[in-house]
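Listing of data-v6.tsv, TSV, N, CA and C atoms
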chain	number	residue	atom	x	y	z
A	1	MET	N	-58.89	56.52	44.21
A	1	MET	CA	-58.07	57.68	43.96
A	1	MET	C	-58.97	58.88	43.67
A	2	LYS	N	-58.70	59.95	44.36
A	2	LYS	CA	-59.44	61.20	44.14
A	2	LYS	C	-58.74	62.01	43.06
A	3	PRO	N	-59.45	62.40	42.01
A	3	PRO	CA	-58.82	63.25	41.00
A	3	PRO	C	-58.65	64.66	41.56
A	4	ARG	N	-57.41	65.13	41.54
A	4	ARG	CA	-57.16	66.51	41.99
A	4	ARG	C	-55.84	67.00	41.41
A	5	ILE	N	-55.78	68.26	41.16
A	5	ILE	CA	-54.57	68.90	40.68
A	5	ILE	C	-53.70	69.21	41.89
A	6	THR	N	-52.41	68.87	41.82
A	6	THR	CA	-51.52	69.12	42.95
A	6	THR	C	-50.46	70.16	42.66
A	7	VAL	N	-50.14	70.38	41.38
A	7	VAL	CA	-49.13	71.40	41.06
A	7	VAL	C	-49.41	72.00	39.68
A	8	LEU	N	-49.30	73.32	39.62
A	8	LEU	CA	-49.38	74.06	38.36
A	8	LEU	C	-47.99	74.61	38.10
A	9	THR	N	-47.40	74.28	36.96
A	9	THR	CA	-46.04	74.71	36.66
A	9	THR	C	-46.04	75.69	35.50
A	10	LEU	N	-45.39	76.82	35.71
A	10	LEU	CA	-45.25	77.83	34.66
A	10	LEU	C	-43.82	77.82	34.15
A	11	GLY	N	-43.65	77.85	32.83
A	11	GLY	CA	-42.33	77.97	32.23
A	11	GLY	C	-41.95	79.44	32.14
A	12	VAL	N	-40.77	79.79	32.67
A	12	VAL	CA	-40.34	81.19	32.69
A	12	VAL	C	-38.95	81.31	32.07
A	13	ASP	N	-38.63	82.47	31.56
A	13	ASP	CA	-37.30	82.73	30.99
A	13	ASP	C	-36.27	83.07	32.05
A	14	ASP	N	-36.67	83.75	33.10
A	14	ASP	CA	-35.74	84.22	34.12
A	14	ASP	C	-36.27	83.79	35.49
A	15	LEU	N	-35.72	82.72	36.03
A	15	LEU	CA	-36.21	82.15	37.28
A	15	LEU	C	-36.05	83.12	38.45
A	16	GLU	N	-34.91	83.79	38.54
A	16	GLU	CA	-34.67	84.75	39.63
A	16	GLU	C	-35.68	85.91	39.59
A	17	ARG	N	-35.89	86.46	38.40
A	17	ARG	CA	-36.81	87.59	38.25
A	17	ARG	C	-38.25	87.16	38.55
A	18	SER	N	-38.62	85.97	38.09
A	18	SER	CA	-39.97	85.47	38.34
A	18	SER	C	-40.17	85.18	39.83
A	19	LEU	N	-39.13	84.65	40.48
A	19	LEU	CA	-39.19	84.43	41.93
A	19	LEU	C	-39.48	85.74	42.65
A	20	ARG	N	-38.75	86.78	42.30
A	20	ARG	CA	-38.96	88.08	42.95
A	20	ARG	C	-40.38	88.60	42.73
A	21	PHE	N	-40.92	88.42	41.53
A	21	PHE	CA	-42.29	88.89	41.24
A	21	PHE	C	-43.31	88.18	42.12
A	22	TYR	N	-43.26	86.87	42.15
A	22	TYR	CA	-44.26	86.11	42.91
A	22	TYR	C	-44.05	86.21	44.42
A	23	ARG	N	-42.79	86.24	44.87
A	23	ARG	CA	-42.49	86.32	46.30
A	23	ARG	C	-42.63	87.75	46.82
A	24	ASP	N	-41.91	88.68	46.20
A	24	ASP	CA	-41.86	90.05	46.70
A	24	ASP	C	-43.05	90.88	46.23
A	25	GLY	N	-43.47	90.67	44.99
A	25	GLY	CA	-44.58	91.45	44.44
A	25	GLY	C	-45.94	90.95	44.89
A	26	LEU	N	-46.14	89.64	44.83
A	26	LEU	CA	-47.45	89.08	45.19
A	26	LEU	C	-47.50	88.55	46.62
A	27	GLY	N	-46.34	88.42	47.25
A	27	GLY	CA	-46.31	87.99	48.64
A	27	GLY	C	-46.50	86.51	48.87
A	28	LEU	N	-46.26	85.69	47.85
A	28	LEU	CA	-46.43	84.25	48.02
A	28	LEU	C	-45.22	83.66	48.77
A	29	PRO	N	-45.46	82.85	49.79
A	29	PRO	CA	-44.34	82.27	50.55
A	29	PRO	C	-43.63	81.17	49.77
A	30	THR	N	-42.30	81.12	49.93
A	30	THR	CA	-41.49	80.13	49.22
A	30	THR	C	-40.17	79.92	49.95
A	31	GLU	N	-39.53	78.80	49.69
A	31	GLU	CA	-38.18	78.56	50.18
A	31	GLU	C	-37.15	79.09	49.17
A	32	GLY	N	-37.61	79.60	48.05
A	32	GLY	CA	-36.72	80.11	47.01
A	32	GLY	C	-36.40	79.04	45.99
A	33	ILE	N	-35.34	79.24	45.26
A	33	ILE	CA	-34.96	78.31	44.21
A	33	ILE	C	-34.30	77.08	44.84
A	34	ILE	N	-34.80	75.91	44.50
A	34	ILE	CA	-34.21	74.66	44.99
A	34	ILE	C	-33.82	73.82	43.78
A	35	GLY	N	-33.01	72.81	44.00
A	35	GLY	CA	-32.64	71.88	42.95
A	35	GLY	C	-31.60	72.37	41.97
A	36	GLN	N	-30.91	73.45	42.31
A	36	GLN	CA	-29.92	74.00	41.38
A	36	GLN	C	-28.72	73.08	41.18
A	37	GLU	N	-28.54	72.12	42.07
A	37	GLU	CA	-27.42	71.20	41.94
A	37	GLU	C	-27.67	70.13	40.87
A	38	PHE	N	-28.89	70.07	40.36
A	38	PHE	CA	-29.24	69.09	39.34
A	38	PHE	C	-29.42	69.76	37.98
A	39	GLU	N	-28.91	69.13	36.93
A	39	GLU	CA	-29.14	69.64	35.59
A	39	GLU	C	-30.64	69.63	35.31
A	40	HIS	N	-31.18	70.72	34.85
A	40	HIS	CA	-32.61	70.89	34.56
A	40	HIS	C	-33.47	70.82	35.81
A	41	GLY	N	-32.88	70.98	37.01
A	41	GLY	CA	-33.64	70.77	38.25
A	41	GLY	C	-34.05	72.01	39.02
A	42	ALA	N	-33.53	73.18	38.67
A	42	ALA	CA	-33.84	74.38	39.44
A	42	ALA	C	-35.31	74.74	39.30
A	43	VAL	N	-35.99	74.89	40.43
A	43	VAL	CA	-37.42	75.15	40.45
A	43	VAL	C	-37.76	75.95	41.70
A	44	VAL	N	-38.86	76.69	41.63
A	44	VAL	CA	-39.38	77.42	42.78
A	44	VAL	C	-40.79	76.90	43.03
A	45	PHE	N	-41.11	76.62	44.29
A	45	PHE	CA	-42.46	76.19	44.67
A	45	PHE	C	-43.09	77.21	45.61
A	46	PHE	N	-44.38	77.46	45.39
A	46	PHE	CA	-45.18	78.31	46.27
A	46	PHE	C	-46.38	77.49	46.72
A	47	ASP	N	-46.69	77.52	48.00
A	47	ASP	CA	-47.90	76.86	48.49
A	47	ASP	C	-49.07	77.80	48.26
A	48	LEU	N	-50.03	77.36	47.45
A	48	LEU	CA	-51.21	78.19	47.18
A	48	LEU	C	-52.32	77.89	48.19
A	49	GLN	N	-52.48	76.62	48.50
A	49	GLN	CA	-53.45	76.15	49.49
A	49	GLN	C	-53.04	74.73	49.83
A	50	PRO	N	-53.56	74.14	50.89
A	50	PRO	CA	-53.15	72.77	51.21
A	50	PRO	C	-53.35	71.83	50.02
A	51	GLY	N	-52.27	71.17	49.62
A	51	GLY	CA	-52.34	70.22	48.52
A	51	GLY	C	-52.18	70.81	47.13
A	52	LEU	N	-51.97	72.11	47.02
A	52	LEU	CA	-51.82	72.75	45.71
A	52	LEU	C	-50.62	73.69	45.72
A	53	LYS	N	-49.70	73.47	44.78
A	53	LYS	CA	-48.50	74.29	44.67
A	53	LYS	C	-48.44	74.94	43.28
A	54	LEU	N	-47.82	76.10	43.24
A	54	LEU	CA	-47.44	76.75	42.00
A	54	LEU	C	-45.94	76.55	41.87
A	55	ALA	N	-45.49	76.09	40.71
A	55	ALA	CA	-44.06	75.90	40.46
A	55	ALA	C	-43.64	76.81	39.32
A	56	LEU	N	-42.43	77.35	39.42
A	56	LEU	CA	-41.80	78.10	38.34
A	56	LEU	C	-40.58	77.30	37.91
A	57	TRP	N	-40.49	77.06	36.62
A	57	TRP	CA	-39.40	76.24	36.08
A	57	TRP	C	-38.91	76.92	34.81
A	58	ASN	N	-37.64	76.90	34.58
A	58	ASN	CA	-37.10	77.52	33.37
A	58	ASN	C	-37.71	76.88	32.13
A	59	ARG	N	-38.07	77.68	31.14
A	59	ARG	CA	-38.70	77.18	29.91
A	59	ARG	C	-37.88	76.08	29.24
A	60	ARG	N	-36.57	76.27	29.16
A	60	ARG	CA	-35.75	75.28	28.47
A	60	ARG	C	-35.74	73.95	29.23
A	61	ASP	N	-35.79	74.02	30.56
A	61	ASP	CA	-35.82	72.79	31.36
A	61	ASP	C	-37.19	72.11	31.25
A	62	LEU	N	-38.24	72.89	31.19
A	62	LEU	CA	-39.58	72.34	31.01
A	62	LEU	C	-39.69	71.66	29.64
A	63	ALA	N	-39.16	72.28	28.60
A	63	ALA	CA	-39.17	71.68	27.26
A	63	ALA	C	-38.35	70.39	27.25
A	64	HIS	N	-37.20	70.41	27.94
A	64	HIS	CA	-36.37	69.21	28.02
A	64	HIS	C	-37.15	68.06	28.69
A	65	GLU	N	-37.78	68.35	29.80
A	65	GLU	CA	-38.55	67.32	30.53
A	65	GLU	C	-39.70	66.78	29.70
A	66	ALA	N	-40.37	67.66	28.96
A	66	ALA	CA	-41.52	67.25	28.14
A	66	ALA	C	-41.10	66.66	26.80
A	67	LYS	N	-39.78	66.72	26.52
A	67	LYS	CA	-39.24	66.19	25.27
A	67	LYS	C	-39.87	66.86	24.04
A	68	VAL	N	-39.97	68.19	24.14
A	68	VAL	CA	-40.47	68.98	23.02
A	68	VAL	C	-39.42	70.04	22.71
A	69	PRO	N	-39.36	70.51	21.46
A	69	PRO	CA	-38.38	71.55	21.14
A	69	PRO	C	-38.72	72.87	21.83
A	70	LEU	N	-37.69	73.59	22.23
A	70	LEU	CA	-37.89	74.92	22.80
A	70	LEU	C	-38.30	75.85	21.67
A	71	SER	N	-39.39	76.55	21.86
A	71	SER	CA	-39.89	77.46	20.82
A	71	SER	C	-39.97	78.87	21.39
A	72	ALA	N	-40.53	79.77	20.64
A	72	ALA	CA	-40.69	81.15	21.10
A	72	ALA	C	-41.57	81.17	22.35
A	73	PRO	N	-41.34	82.14	23.25
A	73	PRO	CA	-42.16	82.23	24.46
A	73	PRO	C	-43.65	82.27	24.14
A	74	SER	N	-44.42	81.59	24.97
A	74	SER	CA	-45.86	81.50	24.75
A	74	SER	C	-46.58	81.43	26.09
A	75	ALA	N	-47.79	81.97	26.13
A	75	ALA	CA	-48.60	81.91	27.34
A	75	ALA	C	-49.06	80.49	27.65
A	76	THR	N	-48.83	79.56	26.74
A	76	THR	CA	-49.27	78.17	26.96
A	76	THR	C	-48.19	77.29	27.58
A	77	GLU	N	-47.06	77.87	27.98
A	77	GLU	CA	-45.98	77.07	28.56
A	77	GLU	C	-46.26	76.81	30.02
A	78	MET	N	-47.02	75.76	30.25
A	78	MET	CA	-47.36	75.36	31.61
A	78	MET	C	-47.73	73.90	31.62
A	79	THR	N	-47.69	73.31	32.79
A	79	THR	CA	-48.13	71.93	32.95
A	79	THR	C	-49.06	71.87	34.16
A	80	ILE	N	-49.89	70.85	34.18
A	80	ILE	CA	-50.77	70.57	35.31
A	80	ILE	C	-50.38	69.21	35.84
A	81	GLY	N	-50.11	69.11	37.14
A	81	GLY	CA	-49.67	67.86	37.72
A	81	GLY	C	-50.67	67.27	38.68
A	82	HIS	N	-50.74	65.94	38.66
A	82	HIS	CA	-51.56	65.17	39.60
A	82	HIS	C	-50.66	64.10	40.19
A	83	ASN	N	-50.29	64.25	41.44
A	83	ASN	CA	-49.42	63.28	42.10
A	83	ASN	C	-50.27	62.19	42.75
A	84	VAL	N	-49.79	60.96	42.63
A	84	VAL	CA	-50.50	59.82	43.21
A	84	VAL	C	-49.55	59.04	44.10
A	85	GLY	N	-50.10	58.17	44.96
A	85	GLY	CA	-49.30	57.43	45.91
A	85	GLY	C	-48.58	56.23	45.33
A	86	SER	N	-49.04	55.72	44.19
A	86	SER	CA	-48.40	54.54	43.59
A	86	SER	C	-48.78	54.47	42.12
A	87	LYS	N	-48.10	53.54	41.39
A	87	LYS	CA	-48.39	53.37	39.97
A	87	LYS	C	-49.79	52.87	39.79
Starting from the file, give its structure as structure tokens.
Amino acid sequence: MKPRITVLTLGVDDLERSLRFYRDGLGLPTEGIIGQEFEHGAVVFFDLQPGLKLALWNRRDLAHEAKVPLSAPSATEMTIGHNVGSK
């Protein structure tokens, strides 16, 4: 297994506004918000380079997934992901 980061996720307060900033302001390509049909599932993905994505996820959904209490906004609300082919 090669150690590599595959996704960087930022927790944001306003998913629509953040999508516009990264897509329209910075020009990053995206399919837009996906997963809205799932509770805590709405997310935006941007391809940064082959094998590396930037994800935007609502702060409250990120806290729910990490099983931590939602606190005041912080620059540290992010996760680093490493996807593997099997357990």
Could you state the separation of CA of Ser18 in chain A and CA of Thr76 in chain A in Å, given to one decimal place?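 CA of Thr76 in chain A lies 16.4 Å from CA of Ser18 in chain A.
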(-52.5, 71.0, 41.0) in this file's frame - what residues fall within 8 Å of it? Use all atoms listed in the file and give the answer as JSON, numbers by chain. {"A": [4, 5, 6, 7, 8, 9, 51, 52, 53, 54, 79, 80, 81, 82, 83]}
Name the residues in contact with Arg60 in chain A at a cut-off of 10 Å, using only C-alpha atoms, excluding same-chain residues fewer than 6 positions from it; report them as a ChimeraX atom specification. /A:11-13,40,66,68-71
Could you tell me, as a list in words, which residues have any atom at most 12 Å from (-44.8, 84.6, 51.2), counting only C-alpha atoms?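 These residues have at least one counted atom within 12 Å: Leu19, Arg20, Phe21, Tyr22, Arg23, Asp24, Gly25, Leu26, Gly27, Leu28, Pro29, Thr30, Glu31, Gly32, Phe45, Phe46, Asp47 and Leu48 of chain A.
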Distance CA of Glu39 in chain A-atom C of Glu77 in chain A, one decimal place?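 Between CA of Glu39 in chain A and atom C of Glu77 in chain A the gap works out to 19.4 Å.
All residues in chain A with a DSSP state of strand (DSSP E), computed from the backbone, read Val7, Leu8, Thr9, Leu10, Gly11, Val12, Thr30, Glu31, Gly32, Ile33, Ile34, Val43, Val44, Phe45, Phe46, Asp47, Leu48, Gln49, Leu52, Lys53, Leu54, Ala55, Leu56, Trp57, Asn58, Met78, Thr79, Ile80 and Gly81 of chain A.
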Could you list, as a list of chain:residue names, every residue within 10 Å of Ile34 in chain A, counting only C-alpha atoms and ignoring same-chain residues fewer than 4 positions away?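 My list of contacting residues is A:Phe38, A:Gly41, A:Ala42, A:Val43, A:Val44, A:Phe45.
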Students should find that CA of Arg59 in chain A and atom C of Lys87 in chain A are spaced 28.5 Å
Write down as a PyMOL selection string the residues belonging to chain A that are assigned alpha helix (DSSP H) by DSSP computed on the backbone. chain A and resi 15-20+59-66
Give me range 5-30 of chain A from this structure - C-alpha atoms, as a PDB file, in the first residue's frame.
ATOM      1  CA  ILE A   5      -3.659  11.614   0.748  1.00  0.00           C
ATOM      2  CA  THR A   6      -6.731  11.276  -1.477  1.00  0.00           C
ATOM      3  CA  VAL A   7      -9.141  13.884  -0.105  1.00  0.00           C
ATOM      4  CA  LEU A   8      -8.905  17.082   1.928  1.00  0.00           C
ATOM      5  CA  THR A   9     -12.241  18.049   3.485  1.00  0.00           C
ATOM      6  CA  LEU A  10     -13.063  21.525   4.754  1.00  0.00           C
ATOM      7  CA  GLY A  11     -15.956  22.163   7.131  1.00  0.00           C
ATOM      8  CA  VAL A  12     -18.013  25.168   5.996  1.00  0.00           C
ATOM      9  CA  ASP A  13     -21.055  27.009   7.350  1.00  0.00           C
ATOM     10  CA  ASP A  14     -22.675  27.738   3.983  1.00  0.00           C
ATOM     11  CA  LEU A  15     -22.198  25.027   1.358  1.00  0.00           C
ATOM     12  CA  GLU A  16     -23.807  27.014  -1.493  1.00  0.00           C
ATOM     13  CA  ARG A  17     -21.698  30.119  -0.802  1.00  0.00           C
ATOM     14  CA  SER A  18     -18.510  28.075  -0.468  1.00  0.00           C
ATOM     15  CA  LEU A  19     -19.306  26.250  -3.719  1.00  0.00           C
ATOM     16  CA  ARG A  20     -19.610  29.582  -5.528  1.00  0.00           C
ATOM     17  CA  PHE A  21     -16.279  30.797  -4.082  1.00  0.00           C
ATOM     18  CA  TYR A  22     -14.274  27.747  -5.125  1.00  0.00           C
ATOM     19  CA  ARG A  23     -16.082  27.163  -8.450  1.00  0.00           C
ATOM     20  CA  ASP A  24     -16.784  30.704  -9.662  1.00  0.00           C
ATOM     21  CA  GLY A  25     -14.058  32.611  -7.804  1.00  0.00           C
ATOM     22  CA  LEU A  26     -11.165  30.178  -8.050  1.00  0.00           C
ATOM     23  CA  GLY A  27     -12.319  28.330 -11.158  1.00  0.00           C
ATOM     24  CA  LEU A  28     -12.132  24.817  -9.720  1.00  0.00           C
ATOM     25  CA  PRO A  29     -14.207  22.298 -11.719  1.00  0.00           C
ATOM     26  CA  THR A  30     -17.008  20.465  -9.903  1.00  0.00           C
TER      27      THR A  30
END
